[in-house]
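So the structure is just underneath, and the comments pick up after that.
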Amino acid sequence: MSFSNDGPVYPQQPETRLVTAGRDTDAQKGFVNPPVVHGSTVLYPTADDLHAHRGEYQYGRHGTPTTRALQDVLMALEGPQCAGVGLAPSGLAAISTALLSVLKAGDHVLVCDNVYRPSRNFCNGMLARYGVETTYFDPLIGAGIDALFKPNTRAVLVEAPGSQSFEMPDIPAIAAVAHARGALVIDDNTWATPLYHRSLEQGVDISIQAATKYIGGHSDIMFGTISANAKAWPLLAEGIRLLGVCAGPDDVYLALRGVRTLSVRLAHHYRSGLEMARWLQARPEVARVLHPAIESDPGHAIWKRDFTGASGLFSIVLKPAPQKAVDALLDTVKLFGMGYSWGGFESLVIPFDCSDYRTATKWAPGGPTLRLHIGLESIDDLKADLDHGFTALKAAM
């Protein structure tokens with residue numbers, strides 16, 4: 001049986017589309033996976049074809065059968081609102097490409113105060129250098145964002161939830177205001193992926209993922225995706241072309257391989273993350289768990305309304321403890337590696353502090369904060385590992 005992005009005539013669930021979209025076994029001579037095309041030059045059969053740039057592919061930077069297969073899968077995952085998907089060599093490259101595609105000198109952009117810090121650095125650095133003004137806003141502002149718009153506001157960048165402090169912006173409310181004001185909405189959708197949060201269906205114009213994380217799923221690639229609706233896609237496609245943004249063929253293949261198992265991996269991360277979050281809620285060393293899928297979380301109502309699942313990433317606020325005690329916990333755990341990024345098969349933990357770079361809100365959680373990524377290990381083993389860490393924390397107090 002041959003599969004293509006057109007697919008069967010009957011509706012398919014997202015889990016099925018992840019497996020079937022972007023596959024054409026006839027074109028692939030029967031093989032399940034497409035070939036990894038390493039190519040730059042594309043030859044034309046006649047001078048007339050060359051003059052007319054006639055052909056399915058014109059140059060390696062503009063796409064290959066391998067990139068087309070991945071783009072088809074991601075379009076199917078994003079849903080019918082998706083008009084196109086761009087591929088970038090990292091999540092940050094996806095964010096910077098999206099911003100540069102829709103902004104110009106003299107424009108103003110509104111950015112959620114809980115945004116990924118490198119995104120903030122890009123706004124404060126390169127965008128400022130090119131004459132684009134940035135205003136940061138409280139993630140919980142909702143429709144109140146209207147008061148921050150200026151005549152030259154062209155875009156709003158949100159992250160739902162923030163990948164350290166986990167505030168949950170009300171994207172539909174923000175998008176309604178932005179569109180009434182003629183601005184585009186850009187969402188960093190890495191935490192839930194389009195499998196659990198179809199942000200393009202909730203008013204977002206451009207949805208970004210650091211595919212380094214759950215799309216790749218194995219901590220072995222740097223990758224970014226940029227999906228856009230019909231209104232934003234022409235701007236984004238032109239930006240990608242002018243900037244020369246593309247991803248290497250081997251990373252494209254690894255992202256394609258990873259996305260095929262996204263539904264089973266993310267379901268495990270969701271279950272284990274939620275179980276671990278609830279277990280930590282009951283720990284005497286923990287003051288608060290920051291996870292929007294927890295019923296007591298301030299963002300839970302929005303999560304329940306707009307999302308169909310969660311990932312394995314969340315944070316905890318410890319009760320007041322000296323740094324040496326927190327370090328003792330970090331040095332004791334063995335299954336939780338200390339490292340940046342997340343979304344791979346392994347569990348991770350890092351300390352963090354947002355207070356130095358928040359400008360629209362104040363970060364004062366009341367104790368040390370740790371961000372946890374719950375991987376694919378046994379949840380009982382992970383609990384035992386953290387239990388040893390908490391024993392070390394108490395011993396060092």
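Identifiers in this document derive from the order of the structure tokens: chains are assigned A, B, ..., residues are numbered from 1 separately in each chain, and ligands are numbered from 1 in order of occurrence.
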| request: Would you kindly return, as an NGL selection string, each protein, DNA or RNA residue with an atom no farther than 12 Å from any atom of A:Asp381, considering only C-alpha atoms and excluding same-chain residues fewer than 2 positions away? | output: :A and (272 or 276 or 333-336 or 347 or 374-379 or 383-388)
Write out, as a PDB file, in the first residue's frame, the residues just selected, with C-alpha atoms.
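Result file follows (again19.pdb):
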```
ATOM      1  CA  SER A 272       5.263   9.941  34.121  1.00  0.00           C
ATOM      2  CA  MET A 276       6.077  12.655  39.405  1.00  0.00           C
ATOM      3  CA  VAL A 333      20.941  11.960  42.038  1.00  0.00           C
ATOM      4  CA  LYS A 334      22.198   9.548  39.389  1.00  0.00           C
ATOM      5  CA  LEU A 335      19.296   9.075  36.983  1.00  0.00           C
ATOM      6  CA  PHE A 336      18.688  12.825  36.637  1.00  0.00           C
ATOM      7  CA  SER A 347      15.618  12.583  32.782  1.00  0.00           C
ATOM      8  CA  ILE A 374      10.936  13.266  33.295  1.00  0.00           C
ATOM      9  CA  GLY A 375      12.303  10.817  30.750  1.00  0.00           C
ATOM     10  CA  LEU A 376      11.396   7.276  29.792  1.00  0.00           C
ATOM     11  CA  GLU A 377      12.952   5.507  32.771  1.00  0.00           C
ATOM     12  CA  SER A 378      10.913   3.606  35.359  1.00  0.00           C
ATOM     13  CA  ILE A 379       8.958   6.115  37.428  1.00  0.00           C
ATOM     14  CA  LYS A 383      11.276   8.544  42.622  1.00  0.00           C
ATOM     15  CA  ALA A 384      13.890   6.524  44.489  1.00  0.00           C
ATOM     16  CA  ASP A 385      16.651   8.596  42.902  1.00  0.00           C
ATOM     17  CA  LEU A 386      15.022  11.866  43.965  1.00  0.00           C
ATOM     18  CA  ASP A 387      14.342  10.452  47.412  1.00  0.00           C
ATOM     19  CA  HIS A 388      18.096   9.899  47.832  1.00  0.00           C
TER      20      HIS A 388
END
```
Write out as a tab-separated table the residues of stretch 99-166 of chain A that have any atom within 12 Å of an atom of stretch 226-233 of chain A, one row each with the nearest atom pair and its distance in Å to one decimal, counting only C-alpha atoms, sorted by chain and then rising number.
```
residue	atom	partner	partner_atom	distance
A:Leu99	CA	A:Ile226	CA	10.9
A:Ser101	CA	A:Ala232	CA	9.2
A:Val102	CA	A:Ala232	CA	8.2
A:Leu103	CA	A:Ala232	CA	11.9
A:Arg154	CA	A:Ala232	CA	12.0
A:Ala155	CA	A:Ala232	CA	11.1
```
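Atom pair atom CA of A:Leu266 / atom CA of A:Glu15 has a distance of 11.0 Å (rounded to one decimal).
Considering only stretch 271-378 of chain A, backbone DSSP assigns helix (DSSP H, G or I) to Arg271, Ser272, Gly273, Leu274, Glu275, Met276, Ala277, Arg278, Trp279, Leu280, Gln281, His300, Ala301, Ile302, Trp303, Lys304, Arg305, Asp306, Gln323, Lys324, Ala325, Val326, Asp327, Ala328, Leu329, Leu330, Asp331 and Thr332 of chain A.
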Give me every strand (DSSP E) residue in stretch 264-386 of chain A, going by DSSP on the backbone, as a PDB file with N, CA and C atoms, in the first residue's frame.
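Once everything was written out, this is part_29.pdb:
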```
ATOM      1  N   VAL A 286       9.236  20.260  49.303  1.00  0.00           N
ATOM      2  CA  VAL A 286       8.755  21.026  48.150  1.00  0.00           C
ATOM      3  C   VAL A 286       7.656  21.990  48.571  1.00  0.00           C
ATOM      4  N   ALA A 287       7.853  23.259  48.247  1.00  0.00           N
ATOM      5  CA  ALA A 287       6.845  24.270  48.564  1.00  0.00           C
ATOM      6  C   ALA A 287       5.752  24.330  47.502  1.00  0.00           C
ATOM      7  N   ARG A 288       6.136  24.140  46.230  1.00  0.00           N
ATOM      8  CA  ARG A 288       5.168  24.297  45.147  1.00  0.00           C
ATOM      9  C   ARG A 288       5.660  23.584  43.900  1.00  0.00           C
ATOM     10  N   VAL A 289       4.728  23.017  43.152  1.00  0.00           N
ATOM     11  CA  VAL A 289       5.025  22.416  41.858  1.00  0.00           C
ATOM     12  C   VAL A 289       4.458  23.317  40.772  1.00  0.00           C
ATOM     13  N   LEU A 290       5.269  23.618  39.756  1.00  0.00           N
ATOM     14  CA  LEU A 290       4.850  24.477  38.648  1.00  0.00           C
ATOM     15  C   LEU A 290       4.578  23.591  37.432  1.00  0.00           C
ATOM     16  N   LEU A 313       8.111  18.048  31.146  1.00  0.00           N
ATOM     17  CA  LEU A 313       8.895  19.160  31.684  1.00  0.00           C
ATOM     18  C   LEU A 313       8.063  19.993  32.649  1.00  0.00           C
ATOM     19  N   PHE A 314       8.593  20.231  33.848  1.00  0.00           N
ATOM     20  CA  PHE A 314       7.951  21.110  34.824  1.00  0.00           C
ATOM     21  C   PHE A 314       8.999  21.533  35.847  1.00  0.00           C
ATOM     22  N   SER A 315       8.616  22.417  36.738  1.00  0.00           N
ATOM     23  CA  SER A 315       9.546  22.926  37.750  1.00  0.00           C
ATOM     24  C   SER A 315       8.972  22.759  39.144  1.00  0.00           C
ATOM     25  N   ILE A 316       9.859  22.832  40.123  1.00  0.00           N
ATOM     26  CA  ILE A 316       9.437  22.814  41.524  1.00  0.00           C
ATOM     27  C   ILE A 316      10.127  23.952  42.271  1.00  0.00           C
ATOM     28  N   VAL A 317       9.429  24.462  43.266  1.00  0.00           N
ATOM     29  CA  VAL A 317      10.001  25.429  44.194  1.00  0.00           C
ATOM     30  C   VAL A 317      10.267  24.693  45.509  1.00  0.00           C
ATOM     31  N   LEU A 318      11.515  24.657  45.916  1.00  0.00           N
ATOM     32  CA  LEU A 318      11.870  24.024  47.182  1.00  0.00           C
ATOM     33  C   LEU A 318      11.604  24.976  48.340  1.00  0.00           C
ATOM     34  N   PHE A 336      18.953  11.477  37.139  1.00  0.00           N
ATOM     35  CA  PHE A 336      18.688  12.825  36.637  1.00  0.00           C
ATOM     36  C   PHE A 336      20.015  13.482  36.282  1.00  0.00           C
ATOM     37  N   GLY A 337      20.288  13.575  34.996  1.00  0.00           N
ATOM     38  CA  GLY A 337      21.504  14.245  34.571  1.00  0.00           C
ATOM     39  C   GLY A 337      21.362  15.753  34.683  1.00  0.00           C
ATOM     40  N   SER A 347      16.078  11.602  31.797  1.00  0.00           N
ATOM     41  CA  SER A 347      15.618  12.583  32.782  1.00  0.00           C
ATOM     42  C   SER A 347      16.727  13.576  33.087  1.00  0.00           C
ATOM     43  N   LEU A 348      16.326  14.817  33.345  1.00  0.00           N
ATOM     44  CA  LEU A 348      17.276  15.905  33.574  1.00  0.00           C
ATOM     45  C   LEU A 348      16.805  16.773  34.735  1.00  0.00           C
ATOM     46  N   VAL A 349      17.753  17.478  35.354  1.00  0.00           N
ATOM     47  CA  VAL A 349      17.429  18.467  36.377  1.00  0.00           C
ATOM     48  C   VAL A 349      18.440  19.602  36.294  1.00  0.00           C
ATOM     49  N   ILE A 350      17.949  20.831  36.392  1.00  0.00           N
ATOM     50  CA  ILE A 350      18.832  21.998  36.486  1.00  0.00           C
ATOM     51  C   ILE A 350      18.241  22.992  37.479  1.00  0.00           C
ATOM     52  N   PRO A 351      19.089  23.697  38.224  1.00  0.00           N
ATOM     53  CA  PRO A 351      18.591  24.836  39.002  1.00  0.00           C
ATOM     54  C   PRO A 351      18.419  26.036  38.067  1.00  0.00           C
ATOM     55  N   PHE A 352      17.506  26.932  38.392  1.00  0.00           N
ATOM     56  CA  PHE A 352      17.344  28.126  37.571  1.00  0.00           C
ATOM     57  C   PHE A 352      16.862  29.277  38.438  1.00  0.00           C
ATOM     58  N   THR A 369      14.700  26.985  43.029  1.00  0.00           N
ATOM     59  CA  THR A 369      13.858  26.371  41.998  1.00  0.00           C
ATOM     60  C   THR A 369      14.669  25.396  41.150  1.00  0.00           C
ATOM     61  N   LEU A 370      14.031  24.283  40.807  1.00  0.00           N
ATOM     62  CA  LEU A 370      14.634  23.269  39.959  1.00  0.00           C
ATOM     63  C   LEU A 370      13.689  22.967  38.804  1.00  0.00           C
ATOM     64  N   ARG A 371      14.261  22.816  37.615  1.00  0.00           N
ATOM     65  CA  ARG A 371      13.463  22.358  36.479  1.00  0.00           C
ATOM     66  C   ARG A 371      13.788  20.894  36.216  1.00  0.00           C
ATOM     67  N   LEU A 372      12.735  20.086  36.081  1.00  0.00           N
ATOM     68  CA  LEU A 372      12.883  18.648  35.884  1.00  0.00           C
ATOM     69  C   LEU A 372      12.330  18.238  34.531  1.00  0.00           C
ATOM     70  N   HIS A 373      13.040  17.366  33.855  1.00  0.00           N
ATOM     71  CA  HIS A 373      12.471  16.679  32.702  1.00  0.00           C
ATOM     72  C   HIS A 373      12.379  15.205  33.046  1.00  0.00           C
TER      73      HIS A 373
END
```
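Atom CA of A:Glu275 is found 16.4 Å from atom CA of A:Glu346.
Interatomic distance, atom CA of A:Thr153 to atom CA of A:Arg198: 24.7 Å.
Take the candidates A:Ala210, A:Leu74, A:Ala105, A:Val36 and check each one against A:Leu127 using only C-alpha atoms; the shortest distance goes to A:Ala105.
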